[in-house]
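Following: one structure in C-alpha coordinates, then a few remarks.
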Amino acid sequence: MGENNYVKQQLSELAELHKDLPTDAEDMRTRINKETDIFCDIIPSYKVEATKQDGQTRLTKEAKEIEEVEQRMLKRYRDFLIAAINMANNKVVEVSQVGYHCLCRLLVTASHFNYANALIDAVVQGASHRWSPLISAECVLAIQDIFDADGTGQVTLKVISAINNLIKAVHHHINPRLLSTLLFVRIATVDSHRLERPEHKLKKKRNKEEQAVEKALKEGEALLSPEEQNHLKTQLLQRLLAVFLRAIQVARDAPTQTQQARLIRPVMDGLAKYAHLLDVEPLGMLLKAVQ
(Lines give C-alpha, C1' and ligand atoms only; values in the text may rest on other atoms or scores of the structure.)
Protein backbone atom coordinates (compact mmCIF):
# COMPACT_ATOMS: atom_id res chain seq x y z
CA MET A 1 0.00 0.00 0.00
CA GLY A 2 3.00 2.30 0.37
CA GLU A 3 3.27 3.01 -3.35
CA ASN A 4 -0.49 3.42 -3.62
CA ASN A 5 -0.36 6.06 -0.89
CA TYR A 6 2.48 7.78 -2.75
CA VAL A 7 0.37 7.97 -5.92
CA LYS A 8 -2.56 9.35 -3.90
CA GLN A 9 -0.23 12.00 -2.49
CA GLN A 10 0.93 12.98 -5.98
CA LEU A 11 -2.67 13.18 -7.21
CA SER A 12 -3.43 15.52 -4.32
CA GLU A 13 -0.49 17.65 -5.39
CA LEU A 14 -1.95 17.79 -8.91
CA ALA A 15 -5.23 18.99 -7.45
CA GLU A 16 -3.40 21.75 -5.56
CA LEU A 17 -1.94 23.01 -8.85
CA HIS A 18 -5.48 23.62 -10.13
CA LYS A 19 -6.90 25.41 -7.12
CA ASP A 20 -6.39 28.79 -8.75
CA LEU A 21 -5.50 30.21 -12.16
CA PRO A 22 -1.89 30.91 -13.21
CA THR A 23 -0.81 34.47 -12.50
CA ASP A 24 1.24 34.82 -15.68
CA ALA A 25 2.90 32.89 -18.50
CA GLU A 26 5.87 31.87 -16.35
CA ASP A 27 3.57 30.54 -13.62
CA MET A 28 1.63 28.56 -16.24
CA ARG A 29 4.89 27.08 -17.60
CA THR A 30 6.02 26.12 -14.12
CA ARG A 31 2.72 24.43 -13.30
CA ILE A 32 2.46 22.38 -16.47
CA ASN A 33 6.08 21.27 -16.18
CA LYS A 34 5.39 20.21 -12.60
CA GLU A 35 2.34 18.23 -13.73
CA THR A 36 4.48 16.55 -16.38
CA ASP A 37 7.05 15.64 -13.71
CA ILE A 38 4.34 14.02 -11.61
CA PHE A 39 2.83 11.99 -14.44
CA CYS A 40 6.24 10.83 -15.62
CA ASP A 41 6.80 9.63 -12.06
CA ILE A 42 3.50 7.85 -11.31
CA ILE A 43 2.40 6.41 -14.67
CA PRO A 44 2.56 2.63 -14.24
CA SER A 45 4.14 0.20 -16.68
CA TYR A 46 0.76 -1.19 -17.76
CA LYS A 47 -2.44 0.14 -19.25
CA VAL A 48 -5.21 0.90 -16.80
CA GLU A 49 -8.39 -0.95 -17.68
CA ALA A 50 -11.85 0.50 -17.38
CA THR A 51 -13.69 -0.43 -14.21
CA LYS A 52 -15.87 -3.47 -14.72
CA GLN A 53 -19.41 -3.06 -13.42
CA ASP A 54 -20.54 -6.66 -13.88
CA GLY A 55 -21.32 -7.20 -10.23
CA GLN A 56 -19.53 -10.55 -10.30
CA THR A 57 -15.92 -9.51 -9.73
CA ARG A 58 -15.20 -9.30 -6.03
CA LEU A 59 -12.21 -7.30 -4.91
CA THR A 60 -10.64 -7.02 -1.53
CA LYS A 61 -10.89 -3.65 0.16
CA GLU A 62 -7.22 -3.03 -0.62
CA ALA A 63 -7.54 -4.01 -4.29
CA LYS A 64 -10.64 -1.85 -4.65
CA GLU A 65 -8.79 1.15 -3.24
CA ILE A 66 -5.94 0.61 -5.71
CA GLU A 67 -8.43 0.40 -8.58
CA GLU A 68 -10.04 3.67 -7.48
CA VAL A 69 -6.65 5.38 -7.41
CA GLU A 70 -5.86 4.04 -10.88
CA GLN A 71 -9.11 5.44 -12.26
CA ARG A 72 -8.47 8.83 -10.62
CA MET A 73 -4.98 8.91 -12.10
CA LEU A 74 -6.27 7.95 -15.56
CA LYS A 75 -8.89 10.70 -15.55
CA ARG A 76 -6.31 13.27 -14.43
CA TYR A 77 -3.91 12.09 -17.12
CA ARG A 78 -6.56 12.26 -19.83
CA ASP A 79 -7.50 15.81 -18.85
CA PHE A 80 -3.85 16.82 -18.74
CA LEU A 81 -3.12 15.27 -22.13
CA ILE A 82 -6.03 17.15 -23.70
CA ALA A 83 -4.79 20.40 -22.15
CA ALA A 84 -1.21 19.79 -23.34
CA ILE A 85 -2.38 19.01 -26.89
CA ASN A 86 -4.51 22.18 -26.91
CA MET A 87 -1.47 24.18 -25.79
CA ALA A 88 0.65 22.55 -28.50
CA ASN A 89 -1.93 23.63 -31.09
CA ASN A 90 -1.98 27.21 -29.81
CA LYS A 91 -1.07 29.81 -32.42
CA VAL A 92 1.18 31.60 -29.94
CA VAL A 93 4.51 29.86 -30.51
CA GLU A 94 5.72 30.32 -26.92
CA VAL A 95 2.61 28.56 -25.60
CA SER A 96 2.89 25.87 -28.26
CA GLN A 97 6.50 25.18 -27.26
CA VAL A 98 5.48 24.51 -23.66
CA GLY A 99 2.77 22.09 -24.78
CA TYR A 100 5.06 20.18 -27.13
CA HIS A 101 7.83 20.00 -24.52
CA CYS A 102 5.45 18.22 -22.15
CA LEU A 103 4.15 15.92 -24.89
CA CYS A 104 7.67 14.90 -25.89
CA ARG A 105 8.55 14.02 -22.32
CA LEU A 106 5.37 11.99 -21.97
CA LEU A 107 5.98 10.18 -25.25
CA VAL A 108 9.34 8.89 -24.06
CA THR A 109 7.87 7.86 -20.69
CA ALA A 110 4.32 6.76 -21.50
CA SER A 111 4.21 5.46 -25.07
CA HIS A 112 2.93 2.14 -23.63
CA PHE A 113 0.18 3.76 -21.54
CA ASN A 114 -3.44 4.71 -22.22
CA TYR A 115 -4.12 7.29 -24.95
CA ALA A 116 -0.76 6.55 -26.59
CA ASN A 117 -2.16 7.04 -30.09
CA ALA A 118 -3.20 10.63 -29.36
CA LEU A 119 0.21 11.31 -27.84
CA ILE A 120 2.06 9.81 -30.82
CA ASP A 121 -0.04 11.72 -33.36
CA ALA A 122 0.60 15.02 -31.57
CA VAL A 123 4.38 14.60 -31.37
CA VAL A 124 4.65 13.40 -34.99
CA GLN A 125 2.75 16.49 -36.12
CA GLY A 126 5.06 18.65 -34.02
CA ALA A 127 8.08 17.08 -35.71
CA SER A 128 6.99 18.80 -38.90
CA HIS A 129 6.05 22.12 -37.27
CA ARG A 130 6.29 24.85 -39.89
CA TRP A 131 6.80 27.91 -37.65
CA SER A 132 9.11 26.78 -34.87
CA PRO A 133 12.39 24.94 -35.52
CA LEU A 134 12.70 24.45 -31.76
CA ILE A 135 9.43 22.51 -31.61
CA SER A 136 10.21 20.35 -34.61
CA ALA A 137 13.74 19.61 -33.33
CA GLU A 138 12.50 18.50 -29.89
CA CYS A 139 9.78 16.30 -31.40
CA VAL A 140 12.25 14.72 -33.83
CA LEU A 141 14.58 13.85 -30.94
CA ALA A 142 11.71 12.31 -28.96
CA ILE A 143 10.77 10.12 -31.93
CA GLN A 144 14.39 9.05 -32.36
CA ASP A 145 14.48 8.07 -28.70
CA ILE A 146 11.32 5.99 -29.12
CA PHE A 147 12.67 4.17 -32.17
CA ASP A 148 15.98 3.52 -30.46
CA ALA A 149 14.42 2.21 -27.23
CA ASP A 150 11.59 0.13 -28.70
CA GLY A 151 13.03 -3.38 -28.69
CA THR A 152 9.81 -5.04 -29.85
CA GLY A 153 8.73 -2.62 -32.58
CA GLN A 154 5.15 -2.38 -31.31
CA VAL A 155 5.27 1.35 -30.58
CA THR A 156 7.43 1.89 -33.66
CA LEU A 157 4.63 0.55 -35.86
CA LYS A 158 2.25 3.17 -34.50
CA VAL A 159 4.76 5.98 -35.00
CA ILE A 160 5.54 4.98 -38.60
CA SER A 161 1.81 4.85 -39.37
CA ALA A 162 1.43 8.34 -37.90
CA ILE A 163 4.28 9.60 -40.09
CA ASN A 164 2.63 8.07 -43.15
CA ASN A 165 -0.68 9.77 -42.29
CA LEU A 166 1.08 13.10 -41.79
CA ILE A 167 2.70 12.90 -45.22
CA LYS A 168 -0.78 12.35 -46.68
CA ALA A 169 -1.96 15.50 -44.93
CA VAL A 170 0.94 17.94 -45.52
CA HIS A 171 2.48 16.50 -48.73
CA HIS A 172 5.85 18.06 -49.61
CA HIS A 173 5.75 20.27 -46.51
CA ILE A 174 6.88 17.27 -44.44
CA ASN A 175 10.06 17.88 -42.47
CA PRO A 176 12.95 15.89 -44.02
CA ARG A 177 14.38 15.42 -40.54
CA LEU A 178 11.23 13.56 -39.57
CA LEU A 179 11.87 11.17 -42.47
CA SER A 180 15.45 10.80 -41.26
CA THR A 181 14.19 9.46 -37.90
CA LEU A 182 13.29 6.27 -39.77
CA LEU A 183 17.00 5.46 -39.83
CA PHE A 184 16.66 4.75 -36.09
CA VAL A 185 14.04 2.03 -36.57
CA ARG A 186 15.35 -1.24 -35.14
CA ILE A 187 14.16 -3.95 -37.51
CA ALA A 188 17.10 -6.33 -37.47
CA THR A 189 17.34 -6.10 -33.69
CA VAL A 190 13.69 -6.87 -32.93
CA ASP A 191 14.21 -9.78 -30.59
CA SER A 192 12.14 -12.30 -28.71
CA HIS A 193 11.87 -10.23 -25.56
CA ARG A 194 9.00 -7.91 -24.95
CA LEU A 195 9.76 -4.30 -24.12
CA GLU A 196 11.31 -4.07 -20.70
CA ARG A 197 9.64 -1.58 -18.39
CA PRO A 198 10.00 -0.66 -14.73
CA GLU A 199 8.01 -2.49 -12.09
CA HIS A 200 4.39 -1.53 -11.61
CA LYS A 201 3.98 1.40 -9.29
CA LEU A 202 0.53 0.12 -8.33
CA LYS A 203 0.27 -3.53 -7.37
CA LYS A 204 -2.81 -5.40 -6.30
CA LYS A 205 -2.32 -7.57 -3.25
CA ARG A 206 -2.93 -11.25 -3.94
CA ASN A 207 -2.49 -14.37 -1.93
CA LYS A 208 0.46 -16.67 -2.61
CA GLU A 209 -1.51 -18.93 -4.93
CA GLU A 210 -2.68 -16.03 -7.11
CA GLN A 211 0.84 -14.62 -7.24
CA ALA A 212 2.22 -17.97 -8.36
CA VAL A 213 -0.36 -18.22 -11.16
CA GLU A 214 0.39 -14.66 -12.29
CA LYS A 215 4.13 -15.35 -12.30
CA ALA A 216 3.62 -18.44 -14.46
CA LEU A 217 1.49 -16.49 -16.91
CA LYS A 218 4.08 -13.71 -17.19
CA GLU A 219 6.84 -16.20 -17.81
CA GLY A 220 4.73 -17.77 -20.56
CA GLU A 221 4.23 -14.37 -22.19
CA ALA A 222 7.81 -13.20 -21.74
CA LEU A 223 8.96 -14.24 -25.19
CA LEU A 224 7.68 -13.55 -28.67
CA SER A 225 7.48 -16.65 -30.80
CA PRO A 226 9.57 -16.82 -34.01
CA GLU A 227 6.34 -16.44 -35.98
CA GLU A 228 5.43 -13.28 -34.04
CA GLN A 229 8.91 -11.88 -34.56
CA ASN A 230 8.80 -12.50 -38.31
CA HIS A 231 5.31 -11.03 -38.59
CA LEU A 232 6.38 -7.93 -36.69
CA LYS A 233 9.46 -7.45 -38.86
CA THR A 234 7.33 -7.87 -41.99
CA GLN A 235 4.90 -5.22 -40.77
CA LEU A 236 7.73 -2.81 -40.00
CA LEU A 237 9.23 -3.25 -43.46
CA GLN A 238 5.88 -2.86 -45.18
CA ARG A 239 5.12 0.37 -43.36
CA LEU A 240 8.59 1.73 -43.99
CA LEU A 241 8.20 0.99 -47.69
CA ALA A 242 4.82 2.74 -47.68
CA VAL A 243 6.38 5.84 -46.12
CA PHE A 244 9.33 5.84 -48.54
CA LEU A 245 7.04 5.49 -51.55
CA ARG A 246 4.71 8.24 -50.35
CA ALA A 247 7.67 10.51 -49.64
CA ILE A 248 8.92 10.00 -53.21
CA GLN A 249 5.46 10.82 -54.56
CA VAL A 250 5.14 14.07 -52.61
CA ALA A 251 8.75 15.04 -53.41
CA ARG A 252 7.82 15.14 -57.08
CA ASP A 253 5.22 17.80 -56.25
CA ALA A 254 7.73 20.02 -54.44
CA PRO A 255 8.05 23.37 -56.24
CA THR A 256 11.86 23.44 -56.39
CA GLN A 257 14.60 20.92 -57.06
CA THR A 258 16.18 21.82 -53.74
CA GLN A 259 13.04 20.80 -51.86
CA GLN A 260 12.78 17.64 -53.93
CA ALA A 261 16.37 16.70 -53.09
CA ARG A 262 15.85 17.36 -49.36
CA LEU A 263 12.95 14.88 -49.33
CA ILE A 264 14.59 12.26 -51.53
CA ARG A 265 17.84 12.18 -49.54
CA PRO A 266 16.44 10.58 -46.34
CA VAL A 267 14.53 8.09 -48.51
CA MET A 268 17.74 7.03 -50.23
CA ASP A 269 19.49 6.80 -46.85
CA GLY A 270 16.69 4.59 -45.59
CA LEU A 271 16.79 2.34 -48.63
CA ALA A 272 20.55 2.00 -48.25
CA LYS A 273 20.15 0.95 -44.62
CA TYR A 274 17.28 -1.52 -45.06
CA ALA A 275 17.98 -2.79 -48.60
CA HIS A 276 19.31 -6.13 -47.36
CA LEU A 277 16.01 -6.76 -45.57
CA LEU A 278 13.75 -5.84 -48.49
CA ASP A 279 12.39 -8.03 -51.24
CA VAL A 280 14.08 -7.37 -54.57
CA GLU A 281 10.90 -6.50 -56.49
CA PRO A 282 9.54 -3.76 -54.16
CA LEU A 283 13.03 -2.33 -53.79
CA GLY A 284 13.43 -2.19 -57.58
CA MET A 285 10.08 -0.38 -57.87
CA LEU A 286 11.16 2.22 -55.33
CA LEU A 287 14.54 2.83 -56.96
CA LYS A 288 12.82 3.21 -60.31
CA ALA A 289 10.42 5.73 -58.79
CA VAL A 290 13.32 7.80 -57.49
CA GLN A 291 14.90 8.08 -60.94
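If you're wondering about the labels, chains in the C-alpha coordinates are A, B, ... by order shown, residues count from 1 in each chain, ligands from 1 in order shown.
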Problem set entry | Surrounding residues of Ala84 of chain A excluding itself and chain neighbours under 3 positions, 8 Å, only C-alpha atoms, as JSON, numbers by chain | {"A": [80, 81, 87, 88, 99, 100, 102, 103]}
Mind dumping the selected residues with N, CA, C and O atoms as a CSV table (one decimal), in the first residue's frame?
chain,number,residue,atom,x,y,z
A,80,PHE,N,-5.1,16.1,-18.5
A,80,PHE,CA,-3.8,16.8,-18.7
A,80,PHE,C,-3.4,16.7,-20.2
A,80,PHE,O,-2.9,17.6,-20.8
A,81,LEU,N,-3.5,15.5,-20.8
A,81,LEU,CA,-3.1,15.3,-22.1
A,81,LEU,C,-3.9,16.2,-23.1
A,81,LEU,O,-3.3,16.7,-24.0
A,87,MET,N,-2.6,23.2,-25.9
A,87,MET,CA,-1.5,24.2,-25.8
A,87,MET,C,-0.5,24.0,-27.0
A,87,MET,O,-0.1,25.0,-27.6
A,88,ALA,N,-0.2,22.8,-27.4
A,88,ALA,CA,0.6,22.6,-28.5
A,88,ALA,C,0.1,23.1,-29.8
A,88,ALA,O,0.8,23.6,-30.7
A,99,GLY,N,3.6,23.3,-24.6
A,99,GLY,CA,2.8,22.1,-24.8
A,99,GLY,C,3.5,20.9,-25.4
A,99,GLY,O,3.5,19.8,-24.9
A,100,TYR,N,4.3,21.2,-26.5
A,100,TYR,CA,5.1,20.2,-27.1
A,100,TYR,C,6.2,19.6,-26.2
A,100,TYR,O,6.5,18.4,-26.3
A,102,CYS,N,6.1,19.2,-23.1
A,102,CYS,CA,5.5,18.2,-22.2
A,102,CYS,C,5.1,16.9,-22.9
A,102,CYS,O,5.3,15.8,-22.4
A,103,LEU,N,4.5,17.1,-24.1
A,103,LEU,CA,4.1,15.9,-24.9
A,103,LEU,C,5.3,15.0,-25.2
A,103,LEU,O,5.3,13.8,-25.2
For this session: Pick out the residues sitting within 6 Å of segment 111-123 of chain A, and hand them over as JSON, numbers by chain; count only C-alpha atoms, and ignore anything fewer than 3 positions along from it in its own chain.
Result: {"A": [47, 107, 126, 139, 162]}
For the residues selected in the previous step, produce a file with N, CA, C and O atoms as a CSV table (one decimal), in the first residue's frame.
chain,number,residue,atom,x,y,z
A,47,LYS,N,-1.3,-0.6,-19.0
A,47,LYS,CA,-2.4,0.1,-19.2
A,47,LYS,C,-3.5,-0.1,-18.1
A,47,LYS,O,-3.6,-1.2,-17.6
A,107,LEU,N,5.8,11.2,-24.2
A,107,LEU,CA,6.0,10.2,-25.3
A,107,LEU,C,7.1,9.2,-24.9
A,107,LEU,O,6.9,8.0,-25.0
A,126,GLY,N,4.1,17.6,-34.5
A,126,GLY,CA,5.1,18.6,-34.0
A,126,GLY,C,6.4,18.5,-34.7
A,126,GLY,O,7.1,19.5,-34.9
A,139,CYS,N,10.6,17.4,-31.1
A,139,CYS,CA,9.8,16.3,-31.4
A,139,CYS,C,10.5,15.2,-32.2
A,139,CYS,O,10.4,14.0,-32.0
A,162,ALA,N,1.7,6.9,-38.1
A,162,ALA,CA,1.4,8.3,-37.9
A,162,ALA,C,2.2,9.2,-38.9
A,162,ALA,O,1.7,10.2,-39.4
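Pairwise distance (atom CA of Ala50 of chain A, atom CA of Lys75 of chain A) equals 10.8 Å.
One distance worth recording is that between atom CA of Pro176 of chain A and atom CA of Leu263 of chain A, which is 5.4 Å.
Among the candidates A:Arg130, A:His276, A:Arg177, A:Arg186, the residue lying nearest to Val155 of chain A is A:Arg186 (atoms considered: only C-alpha atoms).
You can rank A:Arg31, A:Lys8, A:His173, A:Lys158 by their closest distance to Met73 of chain A using only C-alpha atoms, and at the top of that list sits A:Lys8.
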Exercise. Where does DSSP see helix (DSSP H, G or I) in segment 48-278 of chain A, if you list the residues as JSON, numbers by chain?
Worked result: {"A": [61, 62, 63, 64, 65, 66, 67, 68, 69, 70, 71, 72, 73, 74, 75, 76, 77, 78, 79, 80, 81, 82, 83, 84, 85, 86, 87, 88, 93, 94, 95, 96, 97, 98, 99, 100, 101, 102, 103, 104, 105, 106, 107, 108, 109, 110, 116, 117, 118, 119, 120, 121, 122, 123, 124, 125, 126, 133, 134, 135, 136, 137, 138, 139, 140, 141, 142, 143, 144, 145, 146, 147, 148, 149, 154, 155, 156, 157, 158, 159, 160, 161, 162, 163, 164, 165, 166, 167, 168, 169, 170, 171, 172, 173, 176, 177, 178, 179, 180, 181, 182, 183, 184, 208, 209, 210, 211, 212, 213, 214, 215, 216, 217, 218, 219, 220, 221, 226, 227, 228, 229, 230, 231, 232, 233, 234, 235, 236, 237, 238, 239, 240, 241, 242, 243, 244, 245, 246, 247, 248, 249, 250, 251, 257, 258, 259, 260, 261, 262, 263, 264, 265, 266, 267, 268, 269, 270, 271, 272, 273, 274, 275, 276, 277]}
